file entry-v9.cif (mmCIF, N, CA, C and O atoms)
data_data
loop_
_atom_site.label_atom_id
_atom_site.label_comp_id
_atom_site.auth_asym_id
_atom_site.auth_seq_id
_atom_site.Cartn_x
_atom_site.Cartn_y
_atom_site.Cartn_z
N LYS A 1 -7.44 3.72 -9.57
CA LYS A 1 -6.23 2.93 -9.40
C LYS A 1 -4.98 3.78 -9.62
O LYS A 1 -4.03 3.70 -8.85
N LYS A 2 -5.01 4.60 -10.66
CA LYS A 2 -3.84 5.42 -10.99
C LYS A 2 -3.54 6.42 -9.88
O LYS A 2 -2.38 6.57 -9.46
N ILE A 3 -4.56 7.11 -9.38
CA ILE A 3 -4.36 8.10 -8.32
C ILE A 3 -3.81 7.44 -7.07
O ILE A 3 -2.84 7.93 -6.47
N TYR A 4 -4.38 6.33 -6.67
CA TYR A 4 -3.95 5.60 -5.47
C TYR A 4 -2.51 5.12 -5.64
O TYR A 4 -1.68 5.29 -4.75
N THR A 5 -2.22 4.52 -6.77
CA THR A 5 -0.89 3.96 -7.02
C THR A 5 0.18 5.04 -7.02
O THR A 5 1.25 4.86 -6.42
N GLU A 6 -0.10 6.17 -7.66
CA GLU A 6 0.89 7.25 -7.69
C GLU A 6 1.15 7.81 -6.29
O GLU A 6 2.30 8.10 -5.93
N GLU A 7 0.11 7.96 -5.48
CA GLU A 7 0.29 8.48 -4.13
C GLU A 7 1.03 7.47 -3.26
O GLU A 7 1.90 7.84 -2.47
N LEU A 8 0.71 6.21 -3.40
CA LEU A 8 1.40 5.18 -2.62
C LEU A 8 2.89 5.16 -2.97
O LEU A 8 3.74 5.11 -2.08
N LYS A 9 3.20 5.25 -4.24
CA LYS A 9 4.60 5.27 -4.67
C LYS A 9 5.31 6.50 -4.10
O LYS A 9 6.42 6.40 -3.58
N ARG A 10 4.66 7.66 -4.15
CA ARG A 10 5.26 8.89 -3.64
C ARG A 10 5.49 8.80 -2.13
O ARG A 10 6.57 9.10 -1.63
N PHE A 11 4.47 8.36 -1.39
CA PHE A 11 4.55 8.32 0.06
C PHE A 11 5.58 7.28 0.54
O PHE A 11 6.29 7.51 1.51
N ALA A 12 5.68 6.17 -0.15
CA ALA A 12 6.59 5.09 0.26
C ALA A 12 8.06 5.46 0.08
O ALA A 12 8.93 4.80 0.66
N LEU A 13 8.35 6.51 -0.66
CA LEU A 13 9.74 6.92 -0.86
C LEU A 13 10.43 7.29 0.45
O LEU A 13 11.65 7.22 0.54
N LYS A 14 9.66 7.65 1.47
CA LYS A 14 10.27 8.04 2.75
C LYS A 14 10.83 6.86 3.52
O LYS A 14 11.55 7.03 4.48
N TYR A 15 10.52 5.65 3.08
CA TYR A 15 11.01 4.44 3.74
C TYR A 15 12.14 3.85 2.90
O TYR A 15 11.89 3.22 1.88
N ASP A 16 13.37 4.05 3.35
CA ASP A 16 14.51 3.60 2.56
C ASP A 16 14.68 2.08 2.55
O ASP A 16 15.47 1.55 1.79
N PHE A 17 13.91 1.38 3.36
CA PHE A 17 14.01 -0.08 3.39
C PHE A 17 12.98 -0.76 2.49
O PHE A 17 12.89 -1.98 2.46
N LEU A 18 12.22 0.03 1.74
CA LEU A 18 11.25 -0.53 0.81
C LEU A 18 11.72 -0.29 -0.62
O LEU A 18 12.16 0.80 -0.98
N GLY A 19 11.61 -1.33 -1.43
CA GLY A 19 11.94 -1.20 -2.84
C GLY A 19 10.69 -0.96 -3.67
O GLY A 19 9.66 -0.51 -3.15
N GLU A 20 10.79 -1.26 -4.92
CA GLU A 20 9.64 -1.13 -5.82
C GLU A 20 8.53 -2.08 -5.39
O GLU A 20 8.76 -3.05 -4.69
N PHE A 21 7.32 -1.78 -5.84
CA PHE A 21 6.22 -2.69 -5.55
C PHE A 21 5.61 -3.20 -6.84
O PHE A 21 5.77 -2.60 -7.90
N THR A 22 4.97 -4.34 -6.74
CA THR A 22 4.21 -4.89 -7.85
C THR A 22 2.74 -4.88 -7.45
O THR A 22 2.42 -4.94 -6.27
N ILE A 23 1.88 -4.81 -8.44
CA ILE A 23 0.44 -4.79 -8.19
C ILE A 23 -0.15 -6.07 -8.77
O ILE A 23 0.11 -6.41 -9.92
N VAL A 24 -0.94 -6.74 -7.96
CA VAL A 24 -1.63 -7.93 -8.41
C VAL A 24 -3.13 -7.66 -8.30
O VAL A 24 -3.60 -7.21 -7.26
N GLU A 25 -3.86 -7.89 -9.38
CA GLU A 25 -5.31 -7.74 -9.36
C GLU A 25 -5.93 -9.11 -9.08
O GLU A 25 -5.64 -10.07 -9.77
N GLU A 26 -6.75 -9.17 -8.05
CA GLU A 26 -7.43 -10.41 -7.71
C GLU A 26 -8.93 -10.18 -7.79
O GLU A 26 -9.53 -9.68 -6.86
N PRO A 27 -9.53 -10.56 -8.93
CA PRO A 27 -10.96 -10.32 -9.09
C PRO A 27 -11.80 -11.11 -8.09
O PRO A 27 -11.46 -12.22 -7.73
N ASP A 28 -12.86 -10.47 -7.66
CA ASP A 28 -13.81 -11.06 -6.73
C ASP A 28 -15.18 -10.95 -7.39
O ASP A 28 -15.35 -10.23 -8.36
N ILE A 29 -16.16 -11.62 -6.86
CA ILE A 29 -17.50 -11.55 -7.42
C ILE A 29 -18.02 -10.11 -7.41
O ILE A 29 -18.60 -9.63 -8.38
N ASP A 30 -17.78 -9.38 -6.31
CA ASP A 30 -18.32 -8.03 -6.16
C ASP A 30 -17.30 -6.92 -6.40
O ASP A 30 -17.68 -5.79 -6.66
N THR A 31 -16.03 -7.21 -6.25
CA THR A 31 -15.01 -6.16 -6.33
C THR A 31 -13.80 -6.68 -7.07
O THR A 31 -13.69 -7.85 -7.37
N VAL A 32 -12.90 -5.78 -7.36
CA VAL A 32 -11.56 -6.16 -7.81
C VAL A 32 -10.61 -5.69 -6.72
O VAL A 32 -10.53 -4.51 -6.42
N ASP A 33 -9.95 -6.61 -6.10
CA ASP A 33 -8.99 -6.26 -5.06
C ASP A 33 -7.62 -6.06 -5.68
O ASP A 33 -7.21 -6.82 -6.55
N TYR A 34 -6.94 -5.04 -5.24
CA TYR A 34 -5.60 -4.75 -5.70
C TYR A 34 -4.66 -5.01 -4.53
O TYR A 34 -4.84 -4.49 -3.45
N ILE A 35 -3.63 -5.81 -4.80
CA ILE A 35 -2.66 -6.11 -3.77
C ILE A 35 -1.33 -5.52 -4.21
O ILE A 35 -0.83 -5.80 -5.30
N TYR A 36 -0.78 -4.66 -3.36
CA TYR A 36 0.50 -4.02 -3.62
C TYR A 36 1.56 -4.75 -2.79
O TYR A 36 1.50 -4.74 -1.57
N TYR A 37 2.50 -5.39 -3.47
CA TYR A 37 3.58 -6.12 -2.81
C TYR A 37 4.87 -5.31 -2.90
O TYR A 37 5.40 -5.11 -3.98
N PHE A 38 5.34 -4.83 -1.76
CA PHE A 38 6.62 -4.11 -1.71
C PHE A 38 7.74 -5.10 -1.47
O PHE A 38 7.61 -6.04 -0.67
N ASN A 39 8.86 -4.87 -2.12
CA ASN A 39 10.07 -5.63 -1.82
C ASN A 39 10.78 -4.97 -0.65
O ASN A 39 10.93 -3.75 -0.62
N LYS A 40 11.18 -5.76 0.30
CA LYS A 40 11.95 -5.28 1.45
C LYS A 40 13.42 -5.34 1.05
O LYS A 40 13.90 -6.38 0.59
N LEU A 41 14.16 -4.24 1.26
CA LEU A 41 15.52 -4.17 0.74
C LEU A 41 16.60 -4.64 1.69
O LEU A 41 17.69 -4.95 1.28
N ASN A 42 16.35 -4.66 2.98
CA ASN A 42 17.41 -5.08 3.89
C ASN A 42 16.81 -5.83 5.07
O ASN A 42 15.64 -6.16 5.06
N GLY A 43 17.58 -6.06 6.09
CA GLY A 43 17.12 -6.84 7.24
C GLY A 43 16.31 -6.04 8.23
O GLY A 43 16.54 -6.13 9.43
N THR A 44 15.37 -5.29 7.78
CA THR A 44 14.53 -4.46 8.64
C THR A 44 13.70 -5.35 9.57
O THR A 44 13.15 -6.35 9.13
N SER A 45 13.60 -4.93 10.83
CA SER A 45 12.87 -5.74 11.81
C SER A 45 11.37 -5.75 11.53
O SER A 45 10.83 -4.84 10.91
N LYS A 46 10.73 -6.78 12.04
CA LYS A 46 9.28 -6.92 11.90
C LYS A 46 8.56 -5.73 12.53
O LYS A 46 7.56 -5.24 11.99
N GLU A 47 9.05 -5.25 13.66
CA GLU A 47 8.40 -4.12 14.35
C GLU A 47 8.42 -2.87 13.48
O GLU A 47 7.43 -2.15 13.40
N ILE A 48 9.55 -2.60 12.85
CA ILE A 48 9.66 -1.41 11.98
C ILE A 48 8.76 -1.58 10.75
O ILE A 48 8.08 -0.64 10.34
N LEU A 49 8.74 -2.78 10.19
CA LEU A 49 7.87 -3.02 9.03
C LEU A 49 6.40 -2.86 9.39
O LEU A 49 5.63 -2.24 8.65
N ASP A 50 6.01 -3.40 10.55
CA ASP A 50 4.61 -3.27 10.98
C ASP A 50 4.24 -1.81 11.20
O ASP A 50 3.16 -1.36 10.83
N SER A 51 5.15 -1.05 11.82
CA SER A 51 4.90 0.37 12.05
C SER A 51 4.77 1.12 10.72
O SER A 51 3.87 1.95 10.56
N ALA A 52 5.66 0.82 9.78
CA ALA A 52 5.60 1.48 8.47
C ALA A 52 4.31 1.14 7.75
O ALA A 52 3.69 2.01 7.15
N ARG A 53 3.90 -0.11 7.82
CA ARG A 53 2.66 -0.51 7.14
C ARG A 53 1.47 0.24 7.73
O ARG A 53 0.60 0.71 7.01
N ARG A 54 1.43 0.39 9.05
CA ARG A 54 0.33 1.15 9.69
C ARG A 54 0.35 2.61 9.23
O ARG A 54 -0.70 3.18 8.92
N GLU A 55 1.53 3.22 9.18
CA GLU A 55 1.65 4.61 8.73
C GLU A 55 1.18 4.74 7.28
O GLU A 55 0.47 5.70 6.93
N ILE A 56 1.59 3.81 6.45
CA ILE A 56 1.20 3.86 5.03
C ILE A 56 -0.31 3.69 4.89
O ILE A 56 -0.97 4.46 4.18
N TYR A 57 -0.88 2.70 5.58
CA TYR A 57 -2.34 2.50 5.52
C TYR A 57 -3.08 3.74 6.02
O TYR A 57 -4.03 4.20 5.39
N ASP A 58 -2.65 4.29 7.16
CA ASP A 58 -3.32 5.49 7.69
C ASP A 58 -3.28 6.63 6.68
O ASP A 58 -4.27 7.31 6.45
N HIS A 59 -2.11 6.84 6.11
CA HIS A 59 -1.98 7.91 5.12
C HIS A 59 -2.87 7.66 3.91
O HIS A 59 -3.57 8.57 3.44
N MET A 60 -2.86 6.43 3.41
CA MET A 60 -3.61 6.14 2.20
C MET A 60 -5.12 6.21 2.44
O MET A 60 -5.87 6.62 1.55
N ILE A 61 -5.57 5.86 3.62
CA ILE A 61 -7.00 6.00 3.95
C ILE A 61 -7.40 7.47 3.94
O ILE A 61 -8.38 7.86 3.31
N LYS A 62 -6.59 8.32 4.60
CA LYS A 62 -6.89 9.76 4.64
C LYS A 62 -6.81 10.36 3.24
O LYS A 62 -7.67 11.16 2.84
N PHE A 63 -5.77 10.00 2.50
CA PHE A 63 -5.61 10.50 1.14
C PHE A 63 -6.80 10.10 0.27
O PHE A 63 -7.35 10.90 -0.48
N SER A 64 -7.20 8.83 0.37
CA SER A 64 -8.30 8.32 -0.46
C SER A 64 -9.61 9.02 -0.16
O SER A 64 -10.40 9.29 -1.07
N GLU A 65 -9.85 9.31 1.12
CA GLU A 65 -11.08 10.04 1.47
C GLU A 65 -11.07 11.43 0.87
O GLU A 65 -12.07 11.87 0.30
N LYS A 66 -9.93 12.13 0.96
CA LYS A 66 -9.83 13.48 0.40
C LYS A 66 -9.96 13.47 -1.12
O LYS A 66 -10.52 14.38 -1.71
N ALA A 67 -9.42 12.42 -1.76
CA ALA A 67 -9.43 12.34 -3.22
C ALA A 67 -10.73 11.74 -3.77
O ALA A 67 -10.91 11.67 -4.98
N GLY A 68 -11.60 11.29 -2.87
CA GLY A 68 -12.87 10.71 -3.32
C GLY A 68 -12.74 9.31 -3.89
O GLY A 68 -13.58 8.88 -4.68
N ILE A 69 -11.69 8.60 -3.47
CA ILE A 69 -11.49 7.23 -3.97
C ILE A 69 -11.49 6.23 -2.81
O ILE A 69 -10.82 5.20 -2.87
N ASP A 70 -12.25 6.54 -1.77
CA ASP A 70 -12.24 5.68 -0.59
C ASP A 70 -12.79 4.28 -0.86
O ASP A 70 -12.39 3.32 -0.21
N GLU A 71 -13.67 4.12 -1.83
CA GLU A 71 -14.15 2.78 -2.17
C GLU A 71 -13.01 1.93 -2.73
O GLU A 71 -12.90 0.75 -2.43
N PHE A 72 -12.16 2.55 -3.54
CA PHE A 72 -11.00 1.83 -4.06
C PHE A 72 -10.08 1.44 -2.91
O PHE A 72 -9.60 0.30 -2.85
N SER A 73 -9.86 2.35 -2.01
CA SER A 73 -8.95 2.12 -0.88
C SER A 73 -9.39 0.93 -0.03
O SER A 73 -8.55 0.20 0.50
N LYS A 74 -10.69 0.74 0.10
CA LYS A 74 -11.20 -0.37 0.91
C LYS A 74 -10.84 -1.72 0.31
O LYS A 74 -10.85 -2.74 1.00
N ASN A 75 -10.54 -1.75 -0.98
CA ASN A 75 -10.22 -3.01 -1.66
C ASN A 75 -8.76 -3.09 -2.09
O ASN A 75 -8.41 -3.91 -2.93
N ALA A 76 -7.92 -2.23 -1.51
CA ALA A 76 -6.49 -2.25 -1.82
C ALA A 76 -5.73 -2.72 -0.58
O ALA A 76 -5.98 -2.24 0.52
N PHE A 77 -4.83 -3.64 -0.77
CA PHE A 77 -4.08 -4.22 0.33
C PHE A 77 -2.59 -4.03 0.09
O PHE A 77 -2.13 -4.08 -1.05
N ILE A 78 -1.83 -3.84 1.17
CA ILE A 78 -0.40 -3.60 1.07
C ILE A 78 0.33 -4.67 1.87
O ILE A 78 0.04 -4.88 3.05
N PHE A 79 1.28 -5.33 1.23
CA PHE A 79 2.09 -6.35 1.89
C PHE A 79 3.56 -6.09 1.63
O PHE A 79 3.91 -5.53 0.60
N PHE A 80 4.39 -6.50 2.54
CA PHE A 80 5.84 -6.43 2.37
C PHE A 80 6.35 -7.85 2.20
O PHE A 80 6.10 -8.72 3.03
N LYS A 81 7.08 -8.08 1.10
CA LYS A 81 7.70 -9.39 0.90
C LYS A 81 8.87 -9.51 1.86
O LYS A 81 9.62 -8.57 2.05
N ARG A 82 9.00 -10.65 2.47
CA ARG A 82 10.10 -10.85 3.43
C ARG A 82 11.19 -11.68 2.83
O ARG A 82 11.05 -12.46 2.03
#

call {"tool": "encode", "arguments": {"input": "entry-v9.cif", "output": "C-alpha coordinates"}}
result
Amino acid sequence: KKIYTEELKRFALKYDFLGEFTIVEEPDIDTVDYIYYFNKLNGTSKEILDSARREIYDHMIKFSEKAGIDEFSKNAFIFFKR
(Lines of atoms letter the chains of each structure in order from A and count residues from 1; the text may use other names and numbers.)
(Lines give C-alpha, C1' and ligand atoms only; values in the text may rest on other atoms or scores of the structure.)
Protein backbone atom coordinates (compact mmCIF):
# COMPACT_ATOMS: atom_id res chain seq x y z
CA LYS A 1 0.00 0.00 0.00
CA LYS A 2 2.75 2.44 0.95
CA ILE A 3 4.78 1.89 -2.24
CA TYR A 4 1.69 2.24 -4.47
CA THR A 5 0.41 5.30 -2.63
CA GLU A 6 3.75 7.12 -2.75
CA GLU A 7 4.15 6.47 -6.48
CA LEU A 8 0.58 7.53 -7.23
CA LYS A 9 1.10 10.76 -5.29
CA ARG A 10 4.38 11.44 -7.13
CA PHE A 11 3.00 10.66 -10.59
CA ALA A 12 -0.21 12.67 -10.10
CA LEU A 13 1.79 15.85 -9.45
CA LYS A 14 2.07 16.33 -13.23
CA TYR A 15 -1.67 17.02 -13.40
CA ASP A 16 -2.27 20.54 -12.12
CA PHE A 17 -6.03 20.00 -12.09
CA LEU A 18 -5.86 17.28 -9.43
CA GLY A 19 -5.70 18.02 -5.73
CA GLU A 20 -4.94 15.78 -2.82
CA PHE A 21 -6.48 12.34 -2.67
CA THR A 22 -8.08 10.35 0.09
CA ILE A 23 -7.87 6.59 0.45
CA VAL A 24 -10.86 4.50 1.41
CA GLU A 25 -10.42 0.83 2.34
CA GLU A 26 -13.37 -1.33 1.37
CA PRO A 27 -12.93 -4.84 2.75
CA ASP A 28 -14.15 -7.73 0.65
CA ILE A 29 -14.42 -11.42 1.50
CA ASP A 30 -11.27 -12.23 -0.51
CA THR A 31 -9.45 -8.90 -0.82
CA VAL A 32 -9.16 -5.43 0.58
CA ASP A 33 -9.90 -2.91 -2.12
CA TYR A 34 -8.32 0.51 -1.89
CA ILE A 35 -10.12 3.41 -3.51
CA TYR A 36 -8.15 6.57 -4.18
CA TYR A 37 -10.41 9.63 -4.54
CA PHE A 38 -8.73 12.66 -6.11
CA ASN A 39 -10.22 16.10 -5.70
CA LYS A 40 -10.64 17.93 -8.99
CA LEU A 41 -9.44 21.52 -8.61
CA ASN A 42 -11.06 23.35 -11.50
CA GLY A 43 -13.52 22.99 -14.36
CA THR A 44 -11.49 20.39 -16.23
CA SER A 45 -13.43 18.67 -19.00
CA LYS A 46 -14.56 15.07 -18.77
CA GLU A 47 -12.37 14.18 -21.77
CA ILE A 48 -9.22 15.49 -20.10
CA LEU A 49 -10.10 13.74 -16.83
CA ASP A 50 -10.74 10.45 -18.63
CA SER A 51 -7.44 10.74 -20.49
CA ALA A 52 -5.56 11.52 -17.27
CA ARG A 53 -7.17 8.58 -15.48
CA ARG A 54 -6.09 6.22 -18.30
CA GLU A 55 -2.53 7.58 -18.16
CA ILE A 56 -2.42 7.19 -14.38
CA TYR A 57 -3.81 3.64 -14.50
CA ASP A 58 -1.38 2.64 -17.27
CA HIS A 59 1.55 4.04 -15.34
CA MET A 60 0.49 2.44 -12.07
CA ILE A 61 0.00 -0.97 -13.68
CA LYS A 62 3.51 -0.85 -15.21
CA PHE A 63 5.01 0.49 -11.98
CA SER A 64 3.27 -2.18 -9.89
CA GLU A 65 4.54 -4.97 -12.12
CA LYS A 66 8.12 -3.68 -11.87
CA ALA A 67 7.81 -3.23 -8.09
CA GLY A 68 6.30 -6.68 -7.58
CA ILE A 69 3.03 -5.32 -6.18
CA ASP A 70 0.77 -6.13 -9.12
CA GLU A 71 -1.68 -8.04 -6.89
CA PHE A 72 -2.22 -4.86 -4.88
CA SER A 73 -2.67 -2.87 -8.08
CA LYS A 74 -5.48 -5.17 -9.23
CA ASN A 75 -7.48 -4.17 -6.15
CA ALA A 76 -6.74 -0.43 -6.22
CA PHE A 77 -9.18 1.93 -7.91
CA ILE A 78 -8.78 5.60 -8.82
CA PHE A 79 -11.67 8.06 -9.03
CA PHE A 80 -11.90 11.80 -9.54
CA LYS A 81 -14.47 13.66 -7.47
CA ARG A 82 -16.49 16.01 -9.65

call {"tool": "closest_atom_pairs", "arguments": {"input": "entry-v9.cif", "of": "stretch 2-53 of chain A", "to": "stretch 73-77 of chain A", "cutoff": "8 Å", "atoms": "all atoms listed in the file", "output": "JSON lines"}}
result
{"residue": "A:Tyr4", "atom": "CA", "partner": "A:Ser73", "partner_atom": "N", "distance": 7.6}
{"residue": "A:Thr22", "atom": "O", "partner": "A:Phe77", "partner_atom": "O", "distance": 7.0}
{"residue": "A:Ile23", "atom": "CA", "partner": "A:Phe77", "partner_atom": "O", "distance": 7.6}
{"residue": "A:Val24", "atom": "O", "partner": "A:Phe77", "partner_atom": "O", "distance": 7.1}
{"residue": "A:Glu26", "atom": "O", "partner": "A:Asn75", "partner_atom": "O", "distance": 7.1}
{"residue": "A:Thr31", "atom": "C", "partner": "A:Asn75", "partner_atom": "O", "distance": 7.3}
{"residue": "A:Val32", "atom": "O", "partner": "A:Asn75", "partner_atom": "O", "distance": 4.1}
{"residue": "A:Asp33", "atom": "CA", "partner": "A:Asn75", "partner_atom": "O", "distance": 3.2}
{"residue": "A:Tyr34", "atom": "O", "partner": "A:Phe77", "partner_atom": "N", "distance": 2.8}
{"residue": "A:Ile35", "atom": "CA", "partner": "A:Phe77", "partner_atom": "O", "distance": 3.4}
{"residue": "A:Tyr36", "atom": "N", "partner": "A:Phe77", "partner_atom": "O", "distance": 2.7}
{"residue": "A:Tyr37", "atom": "N", "partner": "A:Phe77", "partner_atom": "O", "distance": 5.4}
{"residue": "A:Phe38", "atom": "N", "partner": "A:Phe77", "partner_atom": "O", "distance": 7.5}

call {"tool": "atom_distance", "arguments": {"input": "entry-v9.cif", "atom1": "atom O of A:Ser45", "atom2": "atom O of A:Lys62"}}
result
25.8 Å

call {"tool": "closest_residue", "arguments": {"input": "entry-v9.cif", "among": "A:Ile69, A:Ile78, A:Ile3, A:Phe17", "to": "A:Gly43", "atoms": "all atoms listed in the file"}}
result
A:Phe17

call {"tool": "atom_distance", "arguments": {"input": "entry-v9.cif", "atom1": "atom CA of A:Ala52", "atom2": "atom CA of A:Arg10"}}
result
14.2 Å

call {"tool": "select_by_dssp", "arguments": {"input": "entry-v9.cif", "residues": "chain A", "states": "alpha helix (DSSP H)", "output": "number ranges by chain"}}
result
A: 2-12, 46-67, 70-74

call {"tool": "write_last_selection", "arguments": {"input": "entry-v9.cif", "atoms": "N, CA, C and O atoms", "output": "short mmCIF file (atom, residue, chain, number, x, y, z; two decimals), keeping the file's coordinate frame"}}
result
data_model
loop_
_atom_site.label_atom_id
_atom_site.label_comp_id
_atom_site.auth_asym_id
_atom_site.auth_seq_id
_atom_site.Cartn_x
_atom_site.Cartn_y
_atom_site.Cartn_z
N LYS A 2 -5.01 4.60 -10.66
CA LYS A 2 -3.84 5.42 -10.99
C LYS A 2 -3.54 6.42 -9.88
O LYS A 2 -2.38 6.57 -9.46
N ILE A 3 -4.56 7.11 -9.38
CA ILE A 3 -4.36 8.10 -8.32
C ILE A 3 -3.81 7.44 -7.07
O ILE A 3 -2.84 7.93 -6.47
N TYR A 4 -4.38 6.33 -6.67
CA TYR A 4 -3.95 5.60 -5.47
C TYR A 4 -2.51 5.12 -5.64
O TYR A 4 -1.68 5.29 -4.75
N THR A 5 -2.22 4.52 -6.77
CA THR A 5 -0.89 3.96 -7.02
C THR A 5 0.18 5.04 -7.02
O THR A 5 1.25 4.86 -6.42
N GLU A 6 -0.10 6.17 -7.66
CA GLU A 6 0.89 7.25 -7.69
C GLU A 6 1.15 7.81 -6.29
O GLU A 6 2.30 8.10 -5.93
N GLU A 7 0.11 7.96 -5.48
CA GLU A 7 0.29 8.48 -4.13
C GLU A 7 1.03 7.47 -3.26
O GLU A 7 1.90 7.84 -2.47
N LEU A 8 0.71 6.21 -3.40
CA LEU A 8 1.40 5.18 -2.62
C LEU A 8 2.89 5.16 -2.97
O LEU A 8 3.74 5.11 -2.08
N LYS A 9 3.20 5.25 -4.24
CA LYS A 9 4.60 5.27 -4.67
C LYS A 9 5.31 6.50 -4.10
O LYS A 9 6.42 6.40 -3.58
N ARG A 10 4.66 7.66 -4.15
CA ARG A 10 5.26 8.89 -3.64
C ARG A 10 5.49 8.80 -2.13
O ARG A 10 6.57 9.10 -1.63
N PHE A 11 4.47 8.36 -1.39
CA PHE A 11 4.55 8.32 0.06
C PHE A 11 5.58 7.28 0.54
O PHE A 11 6.29 7.51 1.51
N ALA A 12 5.68 6.17 -0.15
CA ALA A 12 6.59 5.09 0.26
C ALA A 12 8.06 5.46 0.08
O ALA A 12 8.93 4.80 0.66
N LYS A 46 10.73 -6.78 12.04
CA LYS A 46 9.28 -6.92 11.90
C LYS A 46 8.56 -5.73 12.53
O LYS A 46 7.56 -5.24 11.99
N GLU A 47 9.05 -5.25 13.66
CA GLU A 47 8.40 -4.12 14.35
C GLU A 47 8.42 -2.87 13.48
O GLU A 47 7.43 -2.15 13.40
N ILE A 48 9.55 -2.60 12.85
CA ILE A 48 9.66 -1.41 11.98
C ILE A 48 8.76 -1.58 10.75
O ILE A 48 8.08 -0.64 10.34
N LEU A 49 8.74 -2.78 10.19
CA LEU A 49 7.87 -3.02 9.03
C LEU A 49 6.40 -2.86 9.39
O LEU A 49 5.63 -2.24 8.65
N ASP A 50 6.01 -3.40 10.55
CA ASP A 50 4.61 -3.27 10.98
C ASP A 50 4.24 -1.81 11.20
O ASP A 50 3.16 -1.36 10.83
N SER A 51 5.15 -1.05 11.82
CA SER A 51 4.90 0.37 12.05
C SER A 51 4.77 1.12 10.72
O SER A 51 3.87 1.95 10.56
N ALA A 52 5.66 0.82 9.78
CA ALA A 52 5.60 1.48 8.47
C ALA A 52 4.31 1.14 7.75
O ALA A 52 3.69 2.01 7.15
N ARG A 53 3.90 -0.11 7.82
CA ARG A 53 2.66 -0.51 7.14
C ARG A 53 1.47 0.24 7.73
O ARG A 53 0.60 0.71 7.01
N ARG A 54 1.43 0.39 9.05
CA ARG A 54 0.33 1.15 9.69
C ARG A 54 0.35 2.61 9.23
O ARG A 54 -0.70 3.18 8.92
N GLU A 55 1.53 3.22 9.18
CA GLU A 55 1.65 4.61 8.73
C GLU A 55 1.18 4.74 7.28
O GLU A 55 0.47 5.70 6.93
N ILE A 56 1.59 3.81 6.45
CA ILE A 56 1.20 3.86 5.03
C ILE A 56 -0.31 3.69 4.89
O ILE A 56 -0.97 4.46 4.18
N TYR A 57 -0.88 2.70 5.58
CA TYR A 57 -2.34 2.50 5.52
C TYR A 57 -3.08 3.74 6.02
O TYR A 57 -4.03 4.20 5.39
N ASP A 58 -2.65 4.29 7.16
CA ASP A 58 -3.32 5.49 7.69
C ASP A 58 -3.28 6.63 6.68
O ASP A 58 -4.27 7.31 6.45
N HIS A 59 -2.11 6.84 6.11
CA HIS A 59 -1.98 7.91 5.12
C HIS A 59 -2.87 7.66 3.91
O HIS A 59 -3.57 8.57 3.44
N MET A 60 -2.86 6.43 3.41
CA MET A 60 -3.61 6.14 2.20
C MET A 60 -5.12 6.21 2.44
O MET A 60 -5.87 6.62 1.55
N ILE A 61 -5.57 5.86 3.62
CA ILE A 61 -7.00 6.00 3.95
C ILE A 61 -7.40 7.47 3.94
O ILE A 61 -8.38 7.86 3.31
N LYS A 62 -6.59 8.32 4.60
CA LYS A 62 -6.89 9.76 4.64
C LYS A 62 -6.81 10.36 3.24
O LYS A 62 -7.67 11.16 2.84
N PHE A 63 -5.77 10.00 2.50
CA PHE A 63 -5.61 10.50 1.14
C PHE A 63 -6.80 10.10 0.27
O PHE A 63 -7.35 10.90 -0.48
N SER A 64 -7.20 8.83 0.37
CA SER A 64 -8.30 8.32 -0.46
C SER A 64 -9.61 9.02 -0.16
O SER A 64 -10.40 9.29 -1.07
N GLU A 65 -9.85 9.31 1.12
CA GLU A 65 -11.08 10.04 1.47
C GLU A 65 -11.07 11.43 0.87
O GLU A 65 -12.07 11.87 0.30
N LYS A 66 -9.93 12.13 0.96
CA LYS A 66 -9.83 13.48 0.40
C LYS A 66 -9.96 13.47 -1.12
O LYS A 66 -10.52 14.38 -1.71
N ALA A 67 -9.42 12.42 -1.76
CA ALA A 67 -9.43 12.34 -3.22
C ALA A 67 -10.73 11.74 -3.77
O ALA A 67 -10.91 11.67 -4.98
N ASP A 70 -12.25 6.54 -1.77
CA ASP A 70 -12.24 5.68 -0.59
C ASP A 70 -12.79 4.28 -0.86
O ASP A 70 -12.39 3.32 -0.21
N GLU A 71 -13.67 4.12 -1.83
CA GLU A 71 -14.15 2.78 -2.17
C GLU A 71 -13.01 1.93 -2.73
O GLU A 71 -12.90 0.75 -2.43
N PHE A 72 -12.16 2.55 -3.54
CA PHE A 72 -11.00 1.83 -4.06
C PHE A 72 -10.08 1.44 -2.91
O PHE A 72 -9.60 0.30 -2.85
N SER A 73 -9.86 2.35 -2.01
CA SER A 73 -8.95 2.12 -0.88
C SER A 73 -9.39 0.93 -0.03
O SER A 73 -8.55 0.20 0.50
N LYS A 74 -10.69 0.74 0.10
CA LYS A 74 -11.20 -0.37 0.91
C LYS A 74 -10.84 -1.72 0.31
O LYS A 74 -10.85 -2.74 1.00
#

call {"tool": "select_by_dssp", "arguments": {"input": "entry-v9.cif", "residues": "stretch 2-54 of chain A", "states": "strand (DSSP E)", "output": "NGL selection string"}}
result
:A and (18-27 or 32-40)

call {"tool": "closest_residue", "arguments": {"input": "entry-v9.cif", "among": "A:Leu41, A:Met60, A:Ala67, A:Ile48", "to": "A:Glu20", "atoms": "all atoms listed in the file"}}
result
A:Leu41

call {"tool": "closest_residue", "arguments": {"input": "entry-v9.cif", "among": "A:Lys40, A:Phe11, A:Asp28, A:Phe80", "to": "A:Glu55", "atoms": "only C-alpha atoms"}}
result
A:Phe11
